[in-house]
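The structure under discussion appears below in the form of structure tokens.
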Amino acid sequence: MAPETFLRVLGPKPYKVGYAQPSRRPADGRYGENPNRLFRHTQFQLILKPPPVNVQELYLQSLEAIGIDLSMHDLKFEEDNWEGPTVGAWGVGWQVMMDGMEITQFTYFQQCGGLDLDPICAELTYGLERLCAFMQDVDSVYDVVWARDPDTGAVVTYGDVRLTEELQYSVYNFEDADIDRLWAHFDSYEAEAQALLAKGNAVLADENASPTEKRRFPLMSTYELALKCSNLFNLLDARGAISVTERVGMIARIRNLAVGVAKVYVGQQAS
Amino acid sequence: MADFLLEIGLEEVPARMIAGAEAELGKRVNDLLTRERLLGPAAKVTSYSTPRRLAVLVEDVLASQADTEEKLTGPPWKVAFKDGAPTAAAEAFAKKAGVAVAALEKVESIKGEYVGATVKRLGRAAAELLAAELPKEVAGIYWAKNMYWRAGKPERFVRPVRWVMAVMDSSVVPLELAGIAAGNASRGHRVQHGEAPVVIDHATHYAEALQKAYVVADVAKRRHSIRKALDAETRTVVGARWREDAALIETVVHLTEWPTVVLGDFEPVYLSLPEEVLVTVMRDHQKYFAVEGADGKLAPHFLAVLNTQVDEEGRAIIRHGNARVLRARFKDAQFFWDFDQKTPLTERVESLKNVTFQKELGSYYWKTQANLAVAHGLAVTVKGAGIVFDESALLKAVELAKADLTTELVKEFTELQGVIGGLYAREQGLGERVAAAIYAQYTPASTEDEIPPSIEGQLLGLADRIQTITAMFGIGSAPTGSKDPFALRRAANAIVKILADSGLPLTLSEVMQASGADGENREQVAAFLRERLHFYLKDVLGYAYDVVNAVLAADANDVCDAMARAEALTAVRGSEDFAAISAAFRRIKNILRQAEEKGFTIAPARSETLSIEARQLADAAAALAPEVAFRRQERAYGEALAMIAALRPVVDAFFDKVMVLDPDPAVRGAHLGLIASVLSGFSGIADFSEIVTG
């Protein structure tokens, strides 16, 4: 979960942001052979904090704005409550189905980083590859027309841009990633994150520290280390290296880091 | 007399929660109006729901409560009035009752003359009462999962409340829910009607007004139109039928406000995948109905229920979109099917070491070894009773039963565990007996479900479940009153059901024996299984509670035998003779209990000292006991019970004429011995004292 989402939803300050967020799920890699499922896809992530009263209507208008004529399609909001245990986050909401395909995850966050949110936010996550394939009416995301040369009209497809990447990353994620080194990286990043969190907590608790000093503490880099741990966990999982019993423990370790980061962030914001 | 309508406008409520909430809201409104005496003689409550609203219409509501009169009684007249003048007591009472002293009345009662007052209570207006009480009722609705959305978290509900409608006839009832004031406008279908409000000019015009706005508010109507549309679409394919799926119908009913149906196709090449996989993808992931041909086999079509009505061009677009998604999912399933077969089940058993069964007990590899031991034990018992089955197929099936948990297909479709194992076993040439046993291992899923058809499947099902139960009890994870996270009750019900329907010569104690349960663990498991047998006889088969108690008191181990005894006992319990016998046995038990409390000894006496009635009873009982025992062995329960009933005259005569607790200890002892032997001799079939008569 990108810091722009994880951190901005915390605390009382209103915030509205939209950005392209890459989502990496090693276990979803298909060597570029599946028309719909990718190791890495890009979401358009929207955070609306607090959510407008007519947020659902605005969402529908956004679909119209990108060229989807709702009167020609079947739209349903089906219960789907997103949760991210590694970042201590969960919410309540829907997967938005368009003609049988999920195009958006629509979530009212209730907690993040283990903290209750007040105000809450609406998180709208548009699946860009799927939406493009849907609108261009192609059967595979790799056939999506990515760009057209203005002079020659030559087409560059999504596959031209990303197929090799999907294939090679799948090979690494499922076959070549060095499990022992992955564990070592995890322990190392975790330790560094913990050391930084200790420093962050110390500076926040220090009565003599100025607001500038408090805000200077590199909380964002600390969070980045936690994200690295999360990614390593996903890689180890894709390699089949984590037993079911170990899994719970590992998720807890990453969650601890995320919760620590959330607390320091809130403390920094308040100072 | 008026009609009241309440509508709560929401963001889409989870389909699985709507029916319960609609019913609860209707009940709450009905109960509120009833206890507040606001329902007219012709009152009718109708509830409605769509994914975006819950509504209740109450016809014939009283505009206000009837005024009531309450009669209060105060101090005695003598205390309240002295020489015709009111005292302080009279004034205090008048003040408390809220009436003038002059309005006090004299009340006569058996205790004398008292002061009384008649207090008029004005009825409250319905609108005022509803405005005050309904928000509490709505806030009290149960939701399996709810959320908060307003800053400061003032309330929790299933989804944000976006509009509220509350009208009495045509006037708005001024209530507020979640900070939203009630009005007289609803909302129509998001797309087909758009955002213009739908004004409801009279409460009773609700459904009709919404219909014009492309919302079918009545659930039954929506269900009916979905079914008809499924029929109509399927008729476009000659000879085809859609596969009935009541649960899916309910889901799509609660996902739509204006349902229509479209029939789509998929490439016939995917029909080479097992039907179980295809239907799971269609139903669980896409909420499509499957279509079958006249031969009952799956046809390359699907039926999607839409939440909109579009023209042919739109239908083509929607059909095409759905077909593309389905194709991608089938491609996934095909990929998994092919990928999985590269590692046959036989090579997957080792990797079960990485799949946790339960964190304190161990992995599925551990469970497989444990299951093998139990299955072996059951096989020995069943073989010993002369039943013929394929033991090596059984053991192979047990060994491989959990291997499918490591496959990609089961990881994707966890509900297909067992089924996939069975299908892979068949594909991989492990033989039909092995495949069928693995396939059916998780049946029966409920007491209404079928048991595995083969003996190997039944034994695998028994072994797996008793091992789980015994092991979980062993680590202290028995179910409690409200929690049964490992579904042990369901597992035990399945054990009883398998034994009941298969007729296998296995008792519950033999099943436990095979699982290695001993000591306290065994006692707990035995009690648990007995309770499940009780449940089966009473709640599933419907035998009367006293018959079940009587039957299980005699034996609670042999399931089929218990069923036969319950059947026979039910047939005779109504007869007069049997009622008398039951009463007599109860009496015997009571006397024996009294005797034990008083420390009387039981001792056989010489027959000469006994009365003629006692001797007659003794002789009849002695002659009958072996006959009954023989018939019990032969399971000729009807005959046995008839014989016991025939004892009635002798038993009655004994109790009429004989004082059991004779003052002479020797005679008393002999009597006690006699009735004790009657009790034990004839309680092998059932404990008749449990039968409730009269």
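Going by the structure tokens order, chains are called A, B, ..., each with residues numbered from 1, while ligands are numbered from 1 in the order shown.
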
For the helix (DSSP H, G or I) assignment from backbone DSSP, which residues of stretch 6-76 of chain B qualify? Please present them as a VMD selection string.
chain B and resid 15 to 35

Each chain B residue no farther than 8 Å from chain A, nearest pair in Å, only C-alpha atoms, as JSON lines:
```
{"residue": "B:Glu12", "atom": "CA", "partner": "A:Phe77", "partner_atom": "CA", "distance": 6.4}
{"residue": "B:Val13", "atom": "CA", "partner": "A:Glu79", "partner_atom": "CA", "distance": 7.5}
{"residue": "B:Pro14", "atom": "CA", "partner": "A:Glu79", "partner_atom": "CA", "distance": 5.1}
{"residue": "B:Ala15", "atom": "CA", "partner": "A:Glu79", "partner_atom": "CA", "distance": 7.4}
{"residue": "B:Asn146", "atom": "CA", "partner": "A:Val92", "partner_atom": "CA", "distance": 7.9}
{"residue": "B:Met147", "atom": "CA", "partner": "A:Val92", "partner_atom": "CA", "distance": 6.8}
{"residue": "B:Tyr148", "atom": "CA", "partner": "A:Gln110", "partner_atom": "CA", "distance": 7.5}
{"residue": "B:Trp149", "atom": "CA", "partner": "A:Ile120", "partner_atom": "CA", "distance": 6.4}
{"residue": "B:Arg150", "atom": "CA", "partner": "A:Pro119", "partner_atom": "CA", "distance": 7.1}
{"residue": "B:Ala151", "atom": "CA", "partner": "A:Pro119", "partner_atom": "CA", "distance": 4.9}
{"residue": "B:Gly152", "atom": "CA", "partner": "A:Asp118", "partner_atom": "CA", "distance": 6.5}
{"residue": "B:Lys153", "atom": "CA", "partner": "A:Asp118", "partner_atom": "CA", "distance": 7.4}
{"residue": "B:Arg162", "atom": "CA", "partner": "A:Val53", "partner_atom": "CA", "distance": 7.6}
{"residue": "B:Val191", "atom": "CA", "partner": "A:Ser71", "partner_atom": "CA", "distance": 6.3}
{"residue": "B:Gln192", "atom": "CA", "partner": "A:Ser71", "partner_atom": "CA", "distance": 7.0}
{"residue": "B:Leu255", "atom": "CA", "partner": "A:Lys76", "partner_atom": "CA", "distance": 7.1}
{"residue": "B:Thr256", "atom": "CA", "partner": "A:Lys76", "partner_atom": "CA", "distance": 7.8}
{"residue": "B:Gln286", "atom": "CA", "partner": "A:Gly100", "partner_atom": "CA", "distance": 6.5}
{"residue": "B:Leu306", "atom": "CA", "partner": "A:Asp74", "partner_atom": "CA", "distance": 5.9}
{"residue": "B:Asn307", "atom": "CA", "partner": "A:Asp74", "partner_atom": "CA", "distance": 6.0}
{"residue": "B:Thr308", "atom": "CA", "partner": "A:Asp74", "partner_atom": "CA", "distance": 6.0}
{"residue": "B:Val310", "atom": "CA", "partner": "A:Met72", "partner_atom": "CA", "distance": 6.4}
{"residue": "B:Glu313", "atom": "CA", "partner": "A:Met72", "partner_atom": "CA", "distance": 7.8}
{"residue": "B:Gly314", "atom": "CA", "partner": "A:Met72", "partner_atom": "CA", "distance": 4.6}
{"residue": "B:Arg315", "atom": "CA", "partner": "A:Met72", "partner_atom": "CA", "distance": 7.7}
{"residue": "B:Ile317", "atom": "CA", "partner": "A:His73", "partner_atom": "CA", "distance": 7.2}
{"residue": "B:Ile318", "atom": "CA", "partner": "A:Asp99", "partner_atom": "CA", "distance": 5.3}
{"residue": "B:Arg319", "atom": "CA", "partner": "A:Asp99", "partner_atom": "CA", "distance": 7.6}
{"residue": "B:Gly321", "atom": "CA", "partner": "A:Asp99", "partner_atom": "CA", "distance": 5.5}
{"residue": "B:Asn322", "atom": "CA", "partner": "A:Gly100", "partner_atom": "CA", "distance": 5.0}
{"residue": "B:Arg324", "atom": "CA", "partner": "A:Asp139", "partner_atom": "CA", "distance": 6.6}
{"residue": "B:Val325", "atom": "CA", "partner": "A:Met101", "partner_atom": "CA", "distance": 6.2}
{"residue": "B:Ala328", "atom": "CA", "partner": "A:Pro35", "partner_atom": "CA", "distance": 6.7}
{"residue": "B:Lys331", "atom": "CA", "partner": "A:Asn34", "partner_atom": "CA", "distance": 7.8}
{"residue": "B:Asp332", "atom": "CA", "partner": "A:Asn34", "partner_atom": "CA", "distance": 7.3}
{"residue": "B:Asn354", "atom": "CA", "partner": "A:Ser243", "partner_atom": "CA", "distance": 5.5}
{"residue": "B:Val355", "atom": "CA", "partner": "A:Val244", "partner_atom": "CA", "distance": 6.2}
{"residue": "B:Thr356", "atom": "CA", "partner": "A:Val244", "partner_atom": "CA", "distance": 5.8}
{"residue": "B:Lys359", "atom": "CA", "partner": "A:Thr245", "partner_atom": "CA", "distance": 6.6}
```

Within 8 Å of A:Leu10, counting only C-alpha atoms, which residues qualify if same-chain residues fewer than 6 places away don't, as a ChimeraX atom specification?
/A:112,115,117,262,266

Grab the residues selected above and save them as a compact mmCIF listing (two decimals), in the first residue's frame with N, CA and C atoms.
```txt
# COMPACT_ATOMS: atom_id res chain seq x y z
N CYS A 112 -6.79 1.67 9.77
CA CYS A 112 -5.55 1.56 9.03
C CYS A 112 -4.40 1.68 10.01
N LEU A 115 -5.29 1.68 13.60
CA LEU A 115 -5.99 2.80 14.25
C LEU A 115 -7.36 3.00 13.64
N LEU A 117 -10.21 5.12 12.11
CA LEU A 117 -10.11 6.34 11.33
C LEU A 117 -11.30 7.25 11.62
N ALA A 262 2.34 4.05 11.76
CA ALA A 262 1.10 4.85 11.89
C ALA A 262 1.15 5.72 13.14
N VAL A 266 1.08 9.82 13.14
CA VAL A 266 0.05 10.60 13.83
C VAL A 266 0.70 11.55 14.84
```

For this session: Give me the residues within 10 Å of stretch 197-205 of chain A as a ChimeraX atom specification, counting only C-alpha atoms and dropping any in the same chain fewer than 6 places off.
Result: /A:191,211,213-219,222-223,257,260-261,263-265,267-268,271

- prompt: Hey, what's within 8 Å of B:Val161 if we count only C-alpha atoms and toss same-chain stuff fewer than 6 positions away? As JSON, numbers by chain, please?
  reply: {"B": [8, 9, 10, 11, 177, 178, 180]}

Write the residues of the selection above to a file with N, CA and C atoms, as a CSV table (one decimal), in the first residue's frame.
```csv
chain,number,residue,atom,x,y,z
B,8,ILE,N,-36.0,3.2,4.3
B,8,ILE,CA,-34.7,3.6,4.6
B,8,ILE,C,-33.8,3.5,3.3
B,9,GLY,N,-33.3,4.6,2.8
B,9,GLY,CA,-32.5,4.5,1.6
B,9,GLY,C,-31.0,4.3,1.9
B,10,LEU,N,-30.4,3.3,1.3
B,10,LEU,CA,-29.1,2.9,1.7
B,10,LEU,C,-28.2,2.7,0.5
B,11,GLU,N,-26.9,2.7,0.7
B,11,GLU,CA,-26.0,2.2,-0.3
B,11,GLU,C,-26.0,0.7,-0.3
B,177,LEU,N,-33.1,9.8,10.8
B,177,LEU,CA,-32.2,8.7,10.9
B,177,LEU,C,-30.8,9.1,10.4
B,178,ALA,N,-29.8,8.8,11.2
B,178,ALA,CA,-28.4,9.0,10.9
B,178,ALA,C,-28.3,10.5,10.4
B,180,ILE,N,-30.4,12.3,8.9
B,180,ILE,CA,-31.1,12.6,7.6
B,180,ILE,C,-32.6,12.7,8.0
```

### Task
Can you work out which one of A:Arg181, A:Gln111, A:Asn234, A:Ala65 has the shortest atom-to-atom distance to A:Arg247, counting only C-alpha atoms?
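Between A:Arg181, A:Gln111, A:Asn234, A:Ala65, the residue approaching A:Arg247 most closely is A:Asn234.
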
Quick check for you: according to DSSP on this backbone, which residues of stretch 38-153 of chain A are classed as strand (DSSP E)? Reply as a PDB file with N, CA and C atoms, in the first residue's frame.
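The resulting part28.pdb:
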```pdb
ATOM      1  N   ARG A  40       1.937  -7.707 -12.007  1.00  0.00           N
ATOM      2  CA  ARG A  40       1.865  -6.279 -11.664  1.00  0.00           C
ATOM      3  C   ARG A  40       0.806  -5.602 -12.514  1.00  0.00           C
ATOM      4  N   HIS A  41      -0.145  -5.003 -11.859  1.00  0.00           N
ATOM      5  CA  HIS A  41      -1.100  -4.200 -12.618  1.00  0.00           C
ATOM      6  C   HIS A  41      -1.137  -2.818 -11.983  1.00  0.00           C
ATOM      7  N   THR A  42      -1.747  -1.891 -12.703  1.00  0.00           N
ATOM      8  CA  THR A  42      -1.751  -0.520 -12.207  1.00  0.00           C
ATOM      9  C   THR A  42      -3.177  -0.121 -11.846  1.00  0.00           C
ATOM     10  N   GLN A  43      -3.309   0.383 -10.647  1.00  0.00           N
ATOM     11  CA  GLN A  43      -4.620   0.839 -10.204  1.00  0.00           C
ATOM     12  C   GLN A  43      -4.644   2.360 -10.238  1.00  0.00           C
ATOM     13  N   PHE A  44      -5.795   2.900 -10.586  1.00  0.00           N
ATOM     14  CA  PHE A  44      -5.967   4.323 -10.333  1.00  0.00           C
ATOM     15  C   PHE A  44      -6.569   4.406  -8.940  1.00  0.00           C
ATOM     16  N   GLN A  45      -5.802   4.943  -8.024  1.00  0.00           N
ATOM     17  CA  GLN A  45      -6.198   4.968  -6.625  1.00  0.00           C
ATOM     18  C   GLN A  45      -6.712   6.350  -6.254  1.00  0.00           C
ATOM     19  N   LEU A  46      -7.902   6.330  -5.694  1.00  0.00           N
ATOM     20  CA  LEU A  46      -8.541   7.577  -5.313  1.00  0.00           C
ATOM     21  C   LEU A  46      -8.820   7.516  -3.818  1.00  0.00           C
ATOM     22  N   ILE A  47      -8.363   8.538  -3.097  1.00  0.00           N
ATOM     23  CA  ILE A  47      -8.697   8.605  -1.667  1.00  0.00           C
ATOM     24  C   ILE A  47      -9.537   9.858  -1.465  1.00  0.00           C
ATOM     25  N   LEU A  48     -10.710   9.703  -0.921  1.00  0.00           N
ATOM     26  CA  LEU A  48     -11.593  10.844  -0.640  1.00  0.00           C
ATOM     27  C   LEU A  48     -11.866  10.828   0.852  1.00  0.00           C
ATOM     28  N   LYS A  49     -11.220  11.778   1.514  1.00  0.00           N
ATOM     29  CA  LYS A  49     -11.321  11.802   2.959  1.00  0.00           C
ATOM     30  C   LYS A  49     -11.758  13.185   3.404  1.00  0.00           C
ATOM     31  N   LEU A  75     -24.487  -2.934 -14.271  1.00  0.00           N
ATOM     32  CA  LEU A  75     -23.630  -2.508 -13.177  1.00  0.00           C
ATOM     33  C   LEU A  75     -24.176  -3.025 -11.855  1.00  0.00           C
ATOM     34  N   LYS A  76     -23.322  -3.641 -11.059  1.00  0.00           N
ATOM     35  CA  LYS A  76     -23.783  -4.093  -9.746  1.00  0.00           C
ATOM     36  C   LYS A  76     -22.723  -3.774  -8.690  1.00  0.00           C
ATOM     37  N   PHE A  77     -23.176  -3.464  -7.503  1.00  0.00           N
ATOM     38  CA  PHE A  77     -22.287  -3.295  -6.354  1.00  0.00           C
ATOM     39  C   PHE A  77     -22.423  -4.562  -5.506  1.00  0.00           C
ATOM     40  N   GLU A  78     -21.384  -5.416  -5.534  1.00  0.00           N
ATOM     41  CA  GLU A  78     -21.461  -6.682  -4.799  1.00  0.00           C
ATOM     42  C   GLU A  78     -20.550  -6.634  -3.578  1.00  0.00           C
ATOM     43  N   GLU A  79     -21.085  -7.099  -2.468  1.00  0.00           N
ATOM     44  CA  GLU A  79     -20.332  -7.017  -1.217  1.00  0.00           C
ATOM     45  C   GLU A  79     -18.917  -7.567  -1.350  1.00  0.00           C
ATOM     46  N   GLU A  83      -9.463  -6.178   3.011  1.00  0.00           N
ATOM     47  CA  GLU A  83      -8.630  -6.044   4.193  1.00  0.00           C
ATOM     48  C   GLU A  83      -7.160  -6.268   3.852  1.00  0.00           C
ATOM     49  N   GLY A  84      -6.285  -5.560   4.528  1.00  0.00           N
ATOM     50  CA  GLY A  84      -4.842  -5.690   4.324  1.00  0.00           C
ATOM     51  C   GLY A  84      -4.200  -5.978   5.669  1.00  0.00           C
ATOM     52  N   ALA A  89      -5.069  -2.835   8.129  1.00  0.00           N
ATOM     53  CA  ALA A  89      -6.143  -2.033   7.535  1.00  0.00           C
ATOM     54  C   ALA A  89      -7.295  -2.925   7.107  1.00  0.00           C
ATOM     55  N   TRP A  90      -8.484  -2.387   7.219  1.00  0.00           N
ATOM     56  CA  TRP A  90      -9.653  -3.088   6.700  1.00  0.00           C
ATOM     57  C   TRP A  90     -10.769  -2.085   6.518  1.00  0.00           C
ATOM     58  N   GLY A  91     -11.716  -2.500   5.665  1.00  0.00           N
ATOM     59  CA  GLY A  91     -12.848  -1.619   5.406  1.00  0.00           C
ATOM     60  C   GLY A  91     -14.060  -2.417   4.994  1.00  0.00           C
ATOM     61  N   VAL A  92     -15.076  -1.680   4.598  1.00  0.00           N
ATOM     62  CA  VAL A  92     -16.356  -2.279   4.224  1.00  0.00           C
ATOM     63  C   VAL A  92     -16.730  -1.709   2.868  1.00  0.00           C
ATOM     64  N   GLY A  93     -17.161  -2.540   1.967  1.00  0.00           N
ATOM     65  CA  GLY A  93     -17.529  -1.967   0.669  1.00  0.00           C
ATOM     66  C   GLY A  93     -17.891  -2.993  -0.361  1.00  0.00           C
ATOM     67  N   TRP A  94     -17.505  -2.710  -1.601  1.00  0.00           N
ATOM     68  CA  TRP A  94     -17.968  -3.522  -2.728  1.00  0.00           C
ATOM     69  C   TRP A  94     -16.889  -3.734  -3.780  1.00  0.00           C
ATOM     70  N   GLN A  95     -17.085  -4.789  -4.561  1.00  0.00           N
ATOM     71  CA  GLN A  95     -16.429  -4.838  -5.850  1.00  0.00           C
ATOM     72  C   GLN A  95     -17.507  -4.389  -6.847  1.00  0.00           C
ATOM     73  N   VAL A  96     -17.131  -3.460  -7.715  1.00  0.00           N
ATOM     74  CA  VAL A  96     -18.104  -2.965  -8.685  1.00  0.00           C
ATOM     75  C   VAL A  96     -17.980  -3.833  -9.930  1.00  0.00           C
ATOM     76  N   MET A  97     -19.075  -4.439 -10.307  1.00  0.00           N
ATOM     77  CA  MET A  97     -19.086  -5.381 -11.427  1.00  0.00           C
ATOM     78  C   MET A  97     -19.714  -4.705 -12.637  1.00  0.00           C
ATOM     79  N   MET A  98     -19.013  -4.798 -13.745  1.00  0.00           N
ATOM     80  CA  MET A  98     -19.532  -4.265 -15.006  1.00  0.00           C
ATOM     81  C   MET A  98     -19.615  -5.433 -15.967  1.00  0.00           C
ATOM     82  N   MET A 101     -17.585  -8.342 -14.852  1.00  0.00           N
ATOM     83  CA  MET A 101     -16.165  -8.200 -14.547  1.00  0.00           C
ATOM     84  C   MET A 101     -15.955  -7.152 -13.452  1.00  0.00           C
ATOM     85  N   GLU A 102     -15.049  -7.438 -12.548  1.00  0.00           N
ATOM     86  CA  GLU A 102     -14.769  -6.465 -11.502  1.00  0.00           C
ATOM     87  C   GLU A 102     -13.911  -5.354 -12.071  1.00  0.00           C
ATOM     88  N   ILE A 103     -14.368  -4.123 -11.949  1.00  0.00           N
ATOM     89  CA  ILE A 103     -13.578  -3.000 -12.471  1.00  0.00           C
ATOM     90  C   ILE A 103     -13.072  -2.067 -11.381  1.00  0.00           C
ATOM     91  N   THR A 104     -13.662  -2.136 -10.228  1.00  0.00           N
ATOM     92  CA  THR A 104     -13.265  -1.228  -9.152  1.00  0.00           C
ATOM     93  C   THR A 104     -13.504  -1.880  -7.809  1.00  0.00           C
ATOM     94  N   GLN A 105     -12.585  -1.636  -6.875  1.00  0.00           N
ATOM     95  CA  GLN A 105     -12.816  -1.977  -5.482  1.00  0.00           C
ATOM     96  C   GLN A 105     -13.165  -0.673  -4.771  1.00  0.00           C
ATOM     97  N   PHE A 106     -14.318  -0.658  -4.126  1.00  0.00           N
ATOM     98  CA  PHE A 106     -14.834   0.570  -3.517  1.00  0.00           C
ATOM     99  C   PHE A 106     -14.922   0.286  -2.028  1.00  0.00           C
ATOM    100  N   THR A 107     -14.087   0.934  -1.225  1.00  0.00           N
ATOM    101  CA  THR A 107     -13.991   0.593   0.194  1.00  0.00           C
ATOM    102  C   THR A 107     -14.098   1.813   1.073  1.00  0.00           C
ATOM    103  N   TYR A 108     -14.924   1.704   2.096  1.00  0.00           N
ATOM    104  CA  TYR A 108     -14.916   2.695   3.172  1.00  0.00           C
ATOM    105  C   TYR A 108     -13.955   2.161   4.226  1.00  0.00           C
ATOM    106  N   PHE A 109     -12.767   2.744   4.303  1.00  0.00           N
ATOM    107  CA  PHE A 109     -11.808   2.286   5.318  1.00  0.00           C
ATOM    108  C   PHE A 109     -12.391   2.515   6.702  1.00  0.00           C
ATOM    109  N   GLN A 110     -12.210   1.527   7.584  1.00  0.00           N
ATOM    110  CA  GLN A 110     -12.603   1.701   8.975  1.00  0.00           C
ATOM    111  C   GLN A 110     -11.357   1.802   9.872  1.00  0.00           C
ATOM    112  N   GLN A 111     -10.316   1.039   9.509  1.00  0.00           N
ATOM    113  CA  GLN A 111      -9.076   1.080  10.288  1.00  0.00           C
ATOM    114  C   GLN A 111      -7.885   1.041   9.343  1.00  0.00           C
ATOM    115  N   CYS A 112      -6.793   1.667   9.773  1.00  0.00           N
ATOM    116  CA  CYS A 112      -5.549   1.562   9.026  1.00  0.00           C
ATOM    117  C   CYS A 112      -4.403   1.684  10.010  1.00  0.00           C
ATOM    118  N   LEU A 115      -5.289   1.683  13.604  1.00  0.00           N
ATOM    119  CA  LEU A 115      -5.985   2.803  14.252  1.00  0.00           C
ATOM    120  C   LEU A 115      -7.365   3.005  13.636  1.00  0.00           C
ATOM    121  N   ASP A 116      -8.338   3.320  14.487  1.00  0.00           N
ATOM    122  CA  ASP A 116      -9.660   3.700  13.983  1.00  0.00           C
ATOM    123  C   ASP A 116      -9.526   5.008  13.222  1.00  0.00           C
ATOM    124  N   ALA A 122     -13.182   7.217   1.602  1.00  0.00           N
ATOM    125  CA  ALA A 122     -13.615   6.262   0.585  1.00  0.00           C
ATOM    126  C   ALA A 122     -12.389   6.012  -0.266  1.00  0.00           C
ATOM    127  N   GLU A 123     -12.056   4.741  -0.482  1.00  0.00           N
ATOM    128  CA  GLU A 123     -10.949   4.398  -1.361  1.00  0.00           C
ATOM    129  C   GLU A 123     -11.541   3.759  -2.600  1.00  0.00           C
ATOM    130  N   LEU A 124     -11.314   4.388  -3.743  1.00  0.00           N
ATOM    131  CA  LEU A 124     -11.789   3.828  -4.997  1.00  0.00           C
ATOM    132  C   LEU A 124     -10.569   3.379  -5.777  1.00  0.00           C
ATOM    133  N   THR A 125     -10.540   2.107  -6.101  1.00  0.00           N
ATOM    134  CA  THR A 125      -9.391   1.560  -6.804  1.00  0.00           C
ATOM    135  C   THR A 125      -9.857   1.040  -8.156  1.00  0.00           C
ATOM    136  N   TYR A 126      -9.547   1.799  -9.204  1.00  0.00           N
ATOM    137  CA  TYR A 126      -9.960   1.412 -10.548  1.00  0.00           C
ATOM    138  C   TYR A 126      -8.892   0.484 -11.138  1.00  0.00           C
ATOM    139  N   GLY A 127      -9.322  -0.662 -11.673  1.00  0.00           N
ATOM    140  CA  GLY A 127      -8.375  -1.584 -12.306  1.00  0.00           C
ATOM    141  C   GLY A 127      -8.145  -1.122 -13.731  1.00  0.00           C
ATOM    142  N   VAL A 145      -4.431  -1.308 -26.773  1.00  0.00           N
ATOM    143  CA  VAL A 145      -3.603  -0.354 -27.509  1.00  0.00           C
ATOM    144  C   VAL A 145      -3.092   0.677 -26.527  1.00  0.00           C
ATOM    145  N   TRP A 146      -1.800   0.685 -26.354  1.00  0.00           N
ATOM    146  CA  TRP A 146      -1.165   1.560 -25.372  1.00  0.00           C
ATOM    147  C   TRP A 146      -0.926   2.946 -25.952  1.00  0.00           C
ATOM    148  N   ALA A 147      -0.427   2.953 -27.206  1.00  0.00           N
ATOM    149  CA  ALA A 147      -0.139   4.240 -27.853  1.00  0.00           C
ATOM    150  C   ALA A 147      -0.186   4.063 -29.360  1.00  0.00           C
ATOM    151  N   ARG A 148      -0.447   5.161 -30.022  1.00  0.00           N
ATOM    152  CA  ARG A 148      -0.411   5.174 -31.496  1.00  0.00           C
ATOM    153  C   ARG A 148       0.567   6.254 -31.909  1.00  0.00           C
TER     154      ARG A 148
END
```

Practice task
Find the residues near B:Val692: any atom within 9 Å, counting only C-alpha atoms, skip ones fewer than 4 places away on the same chain, and give them as a PyMOL selection string.
Solution key: chain B and resi 546-547+579+582-583+688

Let me see the file: selected residues, C-alpha atoms, as an mmCIF file, in the first residue's frame.
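Okay, result27.cif is ready:
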```cif
data_model
loop_
_atom_site.group_PDB
_atom_site.id
_atom_site.type_symbol
_atom_site.label_atom_id
_atom_site.label_comp_id
_atom_site.auth_asym_id
_atom_site.auth_seq_id
_atom_site.Cartn_x
_atom_site.Cartn_y
_atom_site.Cartn_z
ATOM 1 C CA ASP B 546 -39.733 -39.371 25.500
ATOM 2 C CA VAL B 547 -39.445 -42.238 23.029
ATOM 3 C CA ALA B 579 -49.480 -46.663 29.018
ATOM 4 C CA SER B 582 -45.010 -47.347 31.444
ATOM 5 C CA ALA B 583 -46.726 -46.135 34.552
ATOM 6 C CA PHE B 688 -40.380 -47.526 29.641
#
```

_B:Arg241 environment, 9 Å, only C-alpha atoms, sequence neighbours closer than 5 positions dropped, as a PyMOL selection string_ = chain B and resi 231+234-235+290-294+296

- Message: When you count only C-alpha atoms, which of these residues is closest to B:Val374: B:Ala653, B:Ala514, B:Ala492, B:Val252?
- Response: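 Selected residue with least distance to B:Val374: B:Ala514.
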